[in-house]
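Working notes, beginning with the structure itself.
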Protein chains: 4
Amino acid sequence: MPFDKFQEECGVIGIFNHPEASNLAYLGLHALQHRGQEGAGIVSSDGRKLNIERGMGLVSEIFTRSRLKRLPGKTAMGHNRYSTAGGSHLKNVQPLLVNYSLGQMSVAHNGNLINAQYIKDQLEAYGSIFHTTSDTEVVIQLIAISKYSTLADRIVDALSQVKGAYSMLFMNEKELIAVRDPRGIRPLVLGKLEETYIVASETCAFDLIEAEYLREIKPGEMLIINNEGLHSSFPFARMERKACIFEHIYFARPDSIIFGSTVNTVRKNFGRALAREHPVEADVVVPVPDSGMPPSLGYSEESGIPFELALIRNHYIGRTFIEPEHAIRHFGVKLKLNPVREALQGKRVILVDDSIVRGTTSRKIVKMVRDAGAREVHMRISSPPTTHPCFYGIDTPTRKELIASSHEVEDIRRYITADSLGYLSVEQMMEAVPSRKDGYCMACFTGSYPIRFPEIKRNQLELFP
Amino acid sequence: MPFDKFQEECGVIGIFNHPEASNLAYLGLHALQHRGQEGAGIVSSDGRKLNIERGMGLVSEIFTRSRLKRLPGKTAMGHNRYSTAGGSHLKNVQPLLVNYSLGQMSVAHNGNLINAQYIKDQLEAYGSIFHTTSDTEVVIQLIAISKYSTLADRIVDALSQVKGAYSMLFMNEKELIAVRDPRGIRPLVLGKLEETYIVASETCAFDLIEAEYLREIKPGEMLIINNEGLHSSFPFARMERKACIFEHIYFARPDSIIFGSTVNTVRKNFGRALAREHPVEADVVVPVPDSGMPPSLGYSEESGIPFELALIRNHYIGRTFIEPEHAIRHFGVKLKLNPVREALQGKRVILVDDSIVRGTTSRKIVKMVRDAGAREVHMRISSPPTTHPCFYGIDTPTRKELIASSHEVEDIRRYITADSLGYLSVEQMMEAVPSRKDGYCMACFTGSYPIRFPEIKRNQLELFP
Amino acid sequence: MPFDKFQEECGVIGIFNHPEASNLAYLGLHALQHRGQEGAGIVSSDGRKLNIERGMGLVSEIFTRSRLKRLPGKTAMGHNRYSTAGGSHLKNVQPLLVNYSLGQMSVAHNGNLINAQYIKDQLEAYGSIFHTTSDTEVVIQLIAISKYSTLADRIVDALSQVKGAYSMLFMNEKELIAVRDPRGIRPLVLGKLEETYIVASETCAFDLIEAEYLREIKPGEMLIINNEGLHSSFPFARMERKACIFEHIYFARPDSIIFGSTVNTVRKNFGRALAREHPVEADVVVPVPDSGMPPSLGYSEESGIPFELALIRNHYIGRTFIEPEHAIRHFGVKLKLNPVREALQGKRVILVDDSIVRGTTSRKIVKMVRDAGAREVHMRISSPPTTHPCFYGIDTPTRKELIASSHEVEDIRRYITADSLGYLSVEQMMEAVPSRKDGYCMACFTGSYPIRFPEIKRNQLELFP
Amino acid sequence: MPFDKFQEECGVIGIFNHPEASNLAYLGLHALQHRGQEGAGIVSSDGRKLNIERGMGLVSEIFTRSRLKRLPGKTAMGHNRYSTAGGSHLKNVQPLLVNYSLGQMSVAHNGNLINAQYIKDQLEAYGSIFHTTSDTEVVIQLIAISKYSTLADRIVDALSQVKGAYSMLFMNEKELIAVRDPRGIRPLVLGKLEETYIVASETCAFDLIEAEYLREIKPGEMLIINNEGLHSSFPFARMERKACIFEHIYFARPDSIIFGSTVNTVRKNFGRALAREHPVEADVVVPVPDSGMPPSLGYSEESGIPFELALIRNHYIGRTFIEPEHAIRHFGVKLKLNPVREALQGKRVILVDDSIVRGTTSRKIVKMVRDAGAREVHMRISSPPTTHPCFYGIDTPTRKELIASSHEVEDIRRYITADSLGYLSVEQMMEAVPSRKDGYCMACFTGSYPIRFPEIKRNQLELFP
């Protein structure tokens with residue numbers, strides 16, 4: 001498949017009607033940096049022309065004062081891209097910007113389309129030339145060949161042909177358009193700062209620029225923002241909501257409100273439920289930083305067992321850290337975590353983490369804690385066993401690599417060498433989500449995928465230069 | 001303390017007799033990255049010649065596989081440098097390496113000399129030419145003109161003439177020499193990994209390379225490590241130990257053992273003592289990340305008031321982040337911290353931080369917590385009021401800028417708009433340090449400086465091009 | 001017009017069936033560097049996949065050993081691009097490489113299409129998305145939508161729709177295809193090195209790699225080179241040959257054979273004819289380096305007046321040389337040329353140059369020679385007055401800026417302050433070209449353009465990001 | 001001589017009292033670029049402080065508008081450095097700038113000291129620390145330890161202790177000081193532009209900035225330029241002038257006046273003398289570009305045999321050109337020169353070059369000309385056989401590599417496969433130099449070295465890291 005296997009998580013932000021639109025977009029991207037560190041870009045419009053600046057790396061590394069000055073205008077949108085193996089090229093960094101028969105348009109996409117290859121093969125057969133390996137370009141090419149006469153109509157025409165998860169922002173010279181897929185898989189929120197409208201992946205982007213959180217953009221909603229104001233419509237066939245539960249478990253920032261709930265609260269609830277479902281006698285509850293923090297606090301509160309920050313994270317690891325060769329090998333998690341020996345020595349330790357993927361990291365952490373002198377190590381996971389890969393924008397390994405796809409909990413416990421292992425059950429997890437009745441995608445735990453796949457004949461690995 | 005209020009000093013690591021000496025030094029520098037992020041360097045010796053690689057930025061950004069390969073040999077030492085205004089040039093990045101009449105020598109220095117300018121003026125008058133703006137070069141020039149015939153003797157000769165704080169590593173083609181100043185102001189520890197000796201600023205560097213912690217290098221001790229083994233001597237006049245208490249309060253990593261105690265334990269003790277000294281009725285104890293973490297846990301445990309991670313840190317700030325111009329200004333602490341609104345709303349909040357320097361950051365954090373809905377905000381500081389600047393290697397502002405040097409606690413409370421403010425007292429702080437009888441420098445809290453200043457007539461800030 | 005106003009001169013080279021195809025292409029581009037210094041690229045095929053490396057700058061700056069190693073395979077082609085104001089972006093550097101329904105294809109183009117904007121507007125109206133501002137992309141898009149089933153047939157289909165000058169190379173995984181436009185405006189030659197076929201803009205590329213010159217590729221000829229050998233065809237309507245006379249006057253290297261004649265010989269002939277047409281009594285013939293060299297030697301030989309290298313060229317000017325601001329301004333030609341005072345003092349000097357464009361440079365050179373002490377300065381030009389811009393690939397200014405388009409010879413003489421001025425006439429120029437009966441485009445001197453323009457409605461300056 | 005057989009030394013320029021001093025220095029360095037392409041630097045003084053900008057590469061690549069703006073003040077000096085194997089580091093790029101007891105000083109040096117190592121060993125024994133591998137630093141260290149109280153006196157003190165060739169510029173905050181060694185080996189000229197004094201290696205630097213040539217700075221002269229004007233003195237023991245004849249043969253630009261004569265005229269005279277000394281029947285005289293140009297014109301004029309530019313130079317070779325690996329090897333001179341086949345075919349050719357070093361290049365050129373169809377190839381060299389290396393600033397190979405040091409002319413002729421070979425004799429060469437009575441160093445032809453060597457015990461090639 002020539003597209004990046006899974007487009008994976010990203011962050012998007014759009015600003016309409018602010019004299020420093022691109023500055024706000026820049027700050028928003030900074031607040032959303034956790035959703036993608038590979039690259040970032042901002043497009044702005046001065047009403048007549050779109051300007052773009054993109055680069056590889058962190059937002060703070062890419063944007064200089066002079067680059068931001070090259071982004072004038074009162075409308076802007078930005079995109080943070082997650083790092084993926086193989087497809088890491090500047091050309092794939094979004095927003096994408098093209099000229100077409102109606103002028104200029106730009107797109108920023110969070111999510112993943114599952115029939116992109118199928119559509120691409122068809123478009124190429126009719127002479128379309130693709131220039132990126134991003135599934136997002138399919139939407140652009142569909143818009144370019146659409147017969148409708150406005151960008152909004154062409155977006156509806158194009159998105160009606162794609163399947164998958166998307167929270168997408170579009171811009172032309174005059175408008176900012178936000179669309180969330182009919183199942184609402186990825187988050188997208190609406191905010192306001194005086195006369196300025198803002199759309200973003202998470203509310204933490206609003207906090208930094210002191211914007212007010214108005215509401216979620218609803219599943220299947222298209223929001224056209226232009227000089228006449230805000231126009232909301234629901235142009236797609238209505239479907240059951242399937243918000244991604246993994247955003248609550250791991251991806252979103254704890255200070256954000258997504259899908260109507262504060263992430264930190266949900267995570268603490270997971271920890272409390274976990275304490276009830278998998279209690280154990282112990283001396284100390286230790287989080288695996290950083291995502292294990294809120295559930296371990298919940299576990300500690302529910303169980304009454306003291307909370308201890310006994311694993312210290314090195315935040316300076318950087319993207320280019322190399323492991324030296326030869327004799328000293330496989331530092332792995334040790335480069336990021338170090339135990340506080342005195343806090344673990346002779347203790348019965350409950351380690352709380354958000355998930356286990358391949359099991360190799362958990363195995364190393366258990367060993368590290370035991371080497372530091374822990375008498376017992378009990379692993380508690382604030383989500384169910386991850387048994388299936390995600391096709392809607394989360395960077396999970398293939399099914400084969402997911403330890404829980406082929407091993408029972410007891411096997412996993414033995415592999416990671418823990419004294420006991422407890423996962424939060426799907427049922428208890430759902431109990432812990434405030435808005436559970438609204439519907440969540442839990443395919444990574446259940447294999448019950450809400451969207452059907454197209455049949456793909458070719459299986460090319462990477463066609464593009 | 002969340003930010004670079006007190007800017008760290010430096011970190012050093014030395015490796016003797018390991019086939020991958022420079023790789024180990026590299027890993028050690030990574031573990032010590034918190035002690036300096038401006039630049040780093042490594043020198044290695046293959047027995048006949050010293051090689052050096054230095055650069056600006058993080059350890060992970062500077063060292064590539066090919067640069068590490070250019071550092072062959074079984075002895076190596078590395079240095080992390082902290083960024084200071086004005087003197088940020090590659091030429092100041094250590095280790096320094098020179099050729100002199102005995103061959104090659106290299107130096108890595110953690111600390112600060114207080115009579116460097118005085119000696120430099122004298123040396124220049126006799127024709128010495130200085131090439132850096134680093135006080136460390138004074139030691140090199142003194143070694144170069146010394147009449148003694150071995151590096152070790154010349155080091156003693158040179159260091160006998162300087163005053164100040166230093167944990168210094170020296171290397172020539174055959175030897176690694178570690179010296180700690182007679183008062184032992186800055187930490188320095190000795191470890192072992194099979195046949196390899198390691199010296200480092202903190203024990204966290206040992207953990208990563210799986211070396212065993214042997215002991216502190218003692219105040220005034222000189223350790224010569226060569227093929228004949230370890231040779232310890234105490235060539236300087238014996239003085240009272242004056243270990244820097246601020247290493248325990250803020251600088252060192254919580255997982256390290258320095259001055260004989262685990263830093264995390266000491267910090268939690270500070271928090272417990274603070275709870276006893278300044279109790280208050282409240283609903284929640286919230287740390288100011290990251291250094292407020294251990295004392296707030298101690299406070300929570302001692303007081304029984306629940307601990308809550310209600311301030312979320314953005315770890316992606318980067319060294320090059322620019323604040324956009326004009327209208328939207330002074331984001332300051334907001335770029336790094338964001339409150340979890342739901343966890344603070346309607347609550348009486350105890351904020352725990354390690355220190356207050358200028359007060360401006362604390363003021364912003366109190367406002368941020370109050371804006372997020374807190375009913376009361378009580379600030380607790382796990383150290384005494386910082387009233388005096390440090391001259392021994394800690395980058396504190398001038399006395400004028402230290403809010404506690406000219407304001408009473410009540411004034412500071414009013415300035416930071418907290419409902420109450422409590423500092424740990426010097427007495428309680430000393431109670432909480434296990435090895436207190438061994439002597440600490442607390443000049444930043446008491447003004448009682450252990451080393452007398454030379455009289456300096458000139459007052460040049462930056463002499464060099 | 002969104003395309004670069006005039007695509008201007010370039011150099012191309014193609015290599016078929018050599019184990020070091022990309023190395024040969026690299027050497028060929030080096031020999032053709034005078035045809036374009038803005039950027040260069042090489043595409044290679046290993047039989048299954050095309051690889052590309054491109055960059056801005058000189059061939060020697062762009063290609064490192066490791067970049068050349070990333071270009072494996074036995075077929076390769078390269079392109080040197082000329083610098084033009086405004087459109088200087090990496091994306092415009094050729095060869096262009098795309099994926100389309102038949103696989104991969106790559107194009108390298110020397111020349112300029114005059115109906116590119118017209119075709120582009122039509123293609124965009126049907127949904128094509130353009131990604132460069134190069135007229136060459138029109139050909140790619142036409143190939144992509146062609147209904148034929150082979151690359152060769154699609155090329156014929158596409159080129160039948162364009163008008164203009166082109167010597168083009170195409171590559172897919174298996175074939176190298178060379179096409180010259182029916183009028184043969186730009187040169188293209190065929191060579192052989194044992195079993196390897198080579199096509200290039202000029203024969204100087206053959207000399208460096210020790211290939212043998214076989215023949216010109218003929219106007220309107222398409223040469224398909226693949227494992228079955230060389231296949232020649234003439235798929236376009238036959239037209240009168242219109243080889244660009246300016247290649248002989250200025251652009252090609254003097255050691256090349258193009259259009260069947262050695263450039264150096266033609267230029268010396270121009271000089272001899274000039275001496276006959278515009279004789280003058282003088283002491284010395286001085287060339288304006290470097291292109292004035294051969295005609296001034298011819299002038300000297302014909303007239304018997306001694307030749308003198310009295311203007312010295314500084315070859316280090318570089319592309320990034322900046323002229324310092326303020327007081328000292330407009331060094332212009334002085335940065336490149338300096339007179340040998342002693343060789344000019346008191347002399348009657350004949351200056352020989354190949355052409356006068358705006359007249360400003362000639363004016364400065366005349367002044368420079370006079371300031372150096374020349375008693376008289378007679379300017380002789382080895383081509384007719386340049387009165388019309390080129391639309392077929394030579395970088396001439398607009399008609400308004402061409403001094404000869406609106407001024408008589410006597411006016412120009414007065415403007416450049418020469419004592420006399422003589423241009424070679426069109427008739428004498430044609431007498432001096434050996435293959436004159438074969439037909440030349442002399443539109444820049446006569447305004448008689450061999451290709452009719454399409455009507456263009458829009459006049460957009462630069463649409464693309 | 002087409003290539004860097006004898007590698008040039010350096011170029012210097014100093015500007016006193018001009019509001020755009022650093023801009024003029026920049027232009028001067030550009031004009032002197034042929035004297036050194038490895039790196040360049042400029043120091044300026046605003047009367048209180050010296051500023052410096054240095055870099056690797058060509059002047060046009062190093063200096064941007066913003067770097068020139070960082071060089072304010074009315075006094076400036078610049079230096080072009082030649083590339084030598086091994087010592088190619090930024091730290092060796094001049095001017096060197098240091099702080100010492102009297103303030104700041106800067107040095108730019110053209111030439112080579114022969115007792116630098118000897119003095120350095122002594123200085124190190126007394127504690128001096130060297131920071132570069134440049135012999136120029138010896139002078140700086142000697143100035144730093146001098147007991148005199150002014151820079152000028154200390155310069156005299158320091159230079160009295162060194163032996164060798166030097167044209168040196170010194171600057172402090174207030175003065176520009178130029179010194180030429182007592183034998184006047186390297187050139188140095190004085191010019192004026194209104195109220196501004198300029199010193200430079202060659203007069204071509206004056207032409208570009210429109211300064212007037214006043215006179216040579218004399219052997220042994222020290223010129224102090226400050227606000228009181230120009231002060232000339234001759235502080236060293238007077239010696240016989242020994243101007244480097246190789247400047248006239250090869251190094252200097254033909255448009256420069258050095259040692260009182262125009263270089264172009266001297267070179268043409270060499271060619272005329274060569275024609276008289278080694279006549280031969282032939283059809284054409286062909287220069288080896290670029291330095292063979294003037295002598296071949298002289299040869300052609302004297303002999304009446306037509307001059308032909310039949311070897312074309314590729315000026316784009318660049319410093320980073322790589323020769324591709326494997327099969328296609330040793331392009332050598334072919335990358336720079338290509339014959340015009342038609343101008344050589346069937347001809348008896350006289351090739352004129354300025355010198356033969358190793359003979360390998362000449363051998364390739366003879367072969368190239370013969371392969372292009374020449375019937376006979378007669379090589380004529382406009383200087384005597386180069387038998388001895390230079391120790392005074394010219395980068396010649398060791399004696400062993402100089403073909404003429406161990407081979408007779410007839411052996412060399414056979415090696416380079418020429419039909420005949422003629423060198424200009426020392427006697428005829430001296431006849432051709434206008435100011436011959438003034439004394440020239442011809443040690444490279446005669447082995448008669450004007451300066452005695454110190455005895456050196458150690459033989460270290462590269463002491464510094």
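We name chains A, B, ... following the order of the structure tokens; residues begin at 1 in each chain, and ligands are numbered from 1 as shown.
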
Residue contacts of Ile403 (chain B) (7 Å, only C-alpha atoms) excluding same-chain residues fewer than 6 positions away, as a ChimeraX atom specification: /B:357-359

Could the residues in this selection be written to a file with C-alpha atoms, as a PDB file, in the first residue's frame?
```pdb
ATOM      1  CA  VAL B 357      12.914  33.455  43.066  1.00  0.00           C
ATOM      2  CA  ARG B 358      11.461  36.621  41.568  1.00  0.00           C
ATOM      3  CA  GLY B 359       7.877  35.767  42.432  1.00  0.00           C
TER       4      GLY B 359
END
```

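Excluding Leu176 (chain C) itself and same-chain residues fewer than 6 positions from it, the residues having an atom within 8 Å of it are Gly14, Ile15, Phe16, Thr75, Leu169, Phe170, Ile224, Ile225 and Asn226 of chain C, counting only C-alpha atoms.
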
Which neighbours of Pro287 (chain D) fall inside 9 Å, counting only C-alpha atoms, when residues of the same chain fewer than 4 positions from it are skipped, and could you give them as a PDB file with N, CA and C atoms, in the first residue's frame?
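Below you can see part-v7.pdb, which holds the result:
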```pdb
ATOM      1  N   SER D 291      47.063  30.275 -16.644  1.00  0.00           N
ATOM      2  CA  SER D 291      48.307  31.012 -16.460  1.00  0.00           C
ATOM      3  C   SER D 291      49.230  30.939 -17.666  1.00  0.00           C
ATOM      4  N   GLY D 292      48.977  29.997 -18.602  1.00  0.00           N
ATOM      5  CA  GLY D 292      49.809  29.943 -19.793  1.00  0.00           C
ATOM      6  C   GLY D 292      49.430  30.986 -20.831  1.00  0.00           C
ATOM      7  N   MET D 293      48.342  31.713 -20.580  1.00  0.00           N
ATOM      8  CA  MET D 293      47.836  32.679 -21.558  1.00  0.00           C
ATOM      9  C   MET D 293      48.871  33.748 -21.929  1.00  0.00           C
ATOM     10  N   PRO D 294      49.320  34.571 -20.980  1.00  0.00           N
ATOM     11  CA  PRO D 294      50.231  35.654 -21.394  1.00  0.00           C
ATOM     12  C   PRO D 294      51.534  35.146 -22.029  1.00  0.00           C
ATOM     13  N   PRO D 295      52.233  34.149 -21.459  1.00  0.00           N
ATOM     14  CA  PRO D 295      53.468  33.737 -22.138  1.00  0.00           C
ATOM     15  C   PRO D 295      53.211  33.147 -23.524  1.00  0.00           C
ATOM     16  N   SER D 296      52.110  32.481 -23.747  1.00  0.00           N
ATOM     17  CA  SER D 296      51.871  31.925 -25.073  1.00  0.00           C
ATOM     18  C   SER D 296      51.594  33.039 -26.084  1.00  0.00           C
ATOM     19  N   LEU D 297      50.936  34.118 -25.630  1.00  0.00           N
ATOM     20  CA  LEU D 297      50.761  35.268 -26.525  1.00  0.00           C
ATOM     21  C   LEU D 297      52.123  35.867 -26.865  1.00  0.00           C
ATOM     22  N   PHE D 307      48.303  32.090 -32.690  1.00  0.00           N
ATOM     23  CA  PHE D 307      47.809  31.763 -31.344  1.00  0.00           C
ATOM     24  C   PHE D 307      46.420  31.142 -31.482  1.00  0.00           C
ATOM     25  N   GLU D 308      46.162  30.097 -30.750  1.00  0.00           N
ATOM     26  CA  GLU D 308      44.846  29.447 -30.858  1.00  0.00           C
ATOM     27  C   GLU D 308      44.366  29.000 -29.476  1.00  0.00           C
ATOM     28  N   LEU D 309      43.095  29.345 -29.108  1.00  0.00           N
ATOM     29  CA  LEU D 309      42.544  28.906 -27.810  1.00  0.00           C
ATOM     30  C   LEU D 309      41.949  27.519 -27.984  1.00  0.00           C
ATOM     31  N   ALA D 310      42.795  26.525 -28.028  1.00  0.00           N
ATOM     32  CA  ALA D 310      42.334  25.195 -28.393  1.00  0.00           C
ATOM     33  C   ALA D 310      42.156  24.269 -27.191  1.00  0.00           C
ATOM     34  N   LEU D 311      42.399  24.798 -26.000  1.00  0.00           N
ATOM     35  CA  LEU D 311      42.071  24.046 -24.779  1.00  0.00           C
ATOM     36  C   LEU D 311      41.068  24.881 -23.997  1.00  0.00           C
ATOM     37  N   ILE D 350      52.465  23.954 -30.423  1.00  0.00           N
ATOM     38  CA  ILE D 350      53.315  24.378 -29.313  1.00  0.00           C
ATOM     39  C   ILE D 350      52.418  24.667 -28.124  1.00  0.00           C
ATOM     40  N   LEU D 351      52.593  23.872 -27.050  1.00  0.00           N
ATOM     41  CA  LEU D 351      51.838  24.114 -25.813  1.00  0.00           C
ATOM     42  C   LEU D 351      52.697  24.972 -24.895  1.00  0.00           C
ATOM     43  N   VAL D 352      52.130  26.043 -24.335  1.00  0.00           N
ATOM     44  CA  VAL D 352      52.899  26.882 -23.423  1.00  0.00           C
ATOM     45  C   VAL D 352      52.278  26.844 -22.032  1.00  0.00           C
ATOM     46  N   ASP D 353      53.085  26.480 -21.038  1.00  0.00           N
ATOM     47  CA  ASP D 353      52.620  26.455 -19.647  1.00  0.00           C
ATOM     48  C   ASP D 353      53.645  27.200 -18.786  1.00  0.00           C
TER      49      ASP D 353
END
```

Within 8 Å of chain C: residues of chain A, using only C-alpha atoms, as a ChimeraX atom specification: /A:50-52,97-101,121,124-131,141,144-146,463-465

Contact residues around Cys10 (chain C) with only C-alpha atoms at 8 Å, ignoring same-chain residues under 2 positions, as an MDAnalysis selection string: chainID C and resid 8 12 35:36 79:82 109:111

Over all C-alpha atoms paired in order - RMSD of chain B on chain C: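 RMSD over all C-alpha atoms: 2.6 Å.
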
Distance in Å - CA of Glu427 (chain A) versus CA of Ala243 (chain A): 16.3 Å

Shell around region 177-186 of chain B at 6 Å using only C-alpha atoms, local window under 5 positions removed, as a PyMOL selection string: chain B and resi 165-170+219-225+239-244

Restricting the output to C-alpha atoms, write the selected residues as a PDB file, in the first residue's frame.
```
ATOM      1  CA  ALA B 165      33.483  25.508  44.218  1.00  0.00           C
ATOM      2  CA  TYR B 166      34.689  22.806  41.915  1.00  0.00           C
ATOM      3  CA  SER B 167      34.208  19.189  41.132  1.00  0.00           C
ATOM      4  CA  MET B 168      36.750  18.808  38.369  1.00  0.00           C
ATOM      5  CA  LEU B 169      37.893  16.052  36.092  1.00  0.00           C
ATOM      6  CA  PHE B 170      41.261  16.131  34.327  1.00  0.00           C
ATOM      7  CA  PRO B 219      35.668  17.114  50.030  1.00  0.00           C
ATOM      8  CA  GLY B 220      39.276  18.002  49.215  1.00  0.00           C
ATOM      9  CA  GLU B 221      40.037  14.567  47.800  1.00  0.00           C
ATOM     10  CA  MET B 222      42.108  14.043  44.669  1.00  0.00           C
ATOM     11  CA  LEU B 223      41.641  10.702  42.961  1.00  0.00           C
ATOM     12  CA  ILE B 224      44.248   9.669  40.393  1.00  0.00           C
ATOM     13  CA  ILE B 225      43.050   6.787  38.246  1.00  0.00           C
ATOM     14  CA  MET B 239      38.079  22.645  55.718  1.00  0.00           C
ATOM     15  CA  GLU B 240      34.572  22.244  57.012  1.00  0.00           C
ATOM     16  CA  ARG B 241      32.197  20.502  54.589  1.00  0.00           C
ATOM     17  CA  LYS B 242      29.740  22.892  52.909  1.00  0.00           C
ATOM     18  CA  ALA B 243      27.653  20.757  50.548  1.00  0.00           C
ATOM     19  CA  CYS B 244      25.181  22.779  48.492  1.00  0.00           C
TER      20      CYS B 244
END
```

Which of C:Cys204, C:Leu424, C:Ala237, C:Val189 sits closest to Ser355 (chain C) [using only C-alpha atoms]: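 Residue with the minimum atom-to-atom distance to Ser355 (chain C): C:Leu424.
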
Contacts of Ala432 (chain C) within 6 Å, only C-alpha atoms, excl. fewer than 2 positions in-chain, as a list in words: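 Non-adjacent residues within range: Asn269, Phe270, Met429 and Met430 of chain C.
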
Every residue of region 316-409 of chain C that DSSP places in strand (DSSP E or B), as JSON, numbers by chain: {"C": [337, 338, 339, 348, 349, 350, 351, 352, 353, 376, 377, 378, 379, 380, 381]}

Backbone DSSP call of alpha helix (DSSP H) for region 317-463 of chain B, listed as an MDAnalysis selection string: chainID B and resid 341:344 360:371 403:406 409:416 426:432 443:446

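For the pair CA of Leu193 (chain C) and CA of Val107 (chain C), the interatomic distance is 23.1 Å.
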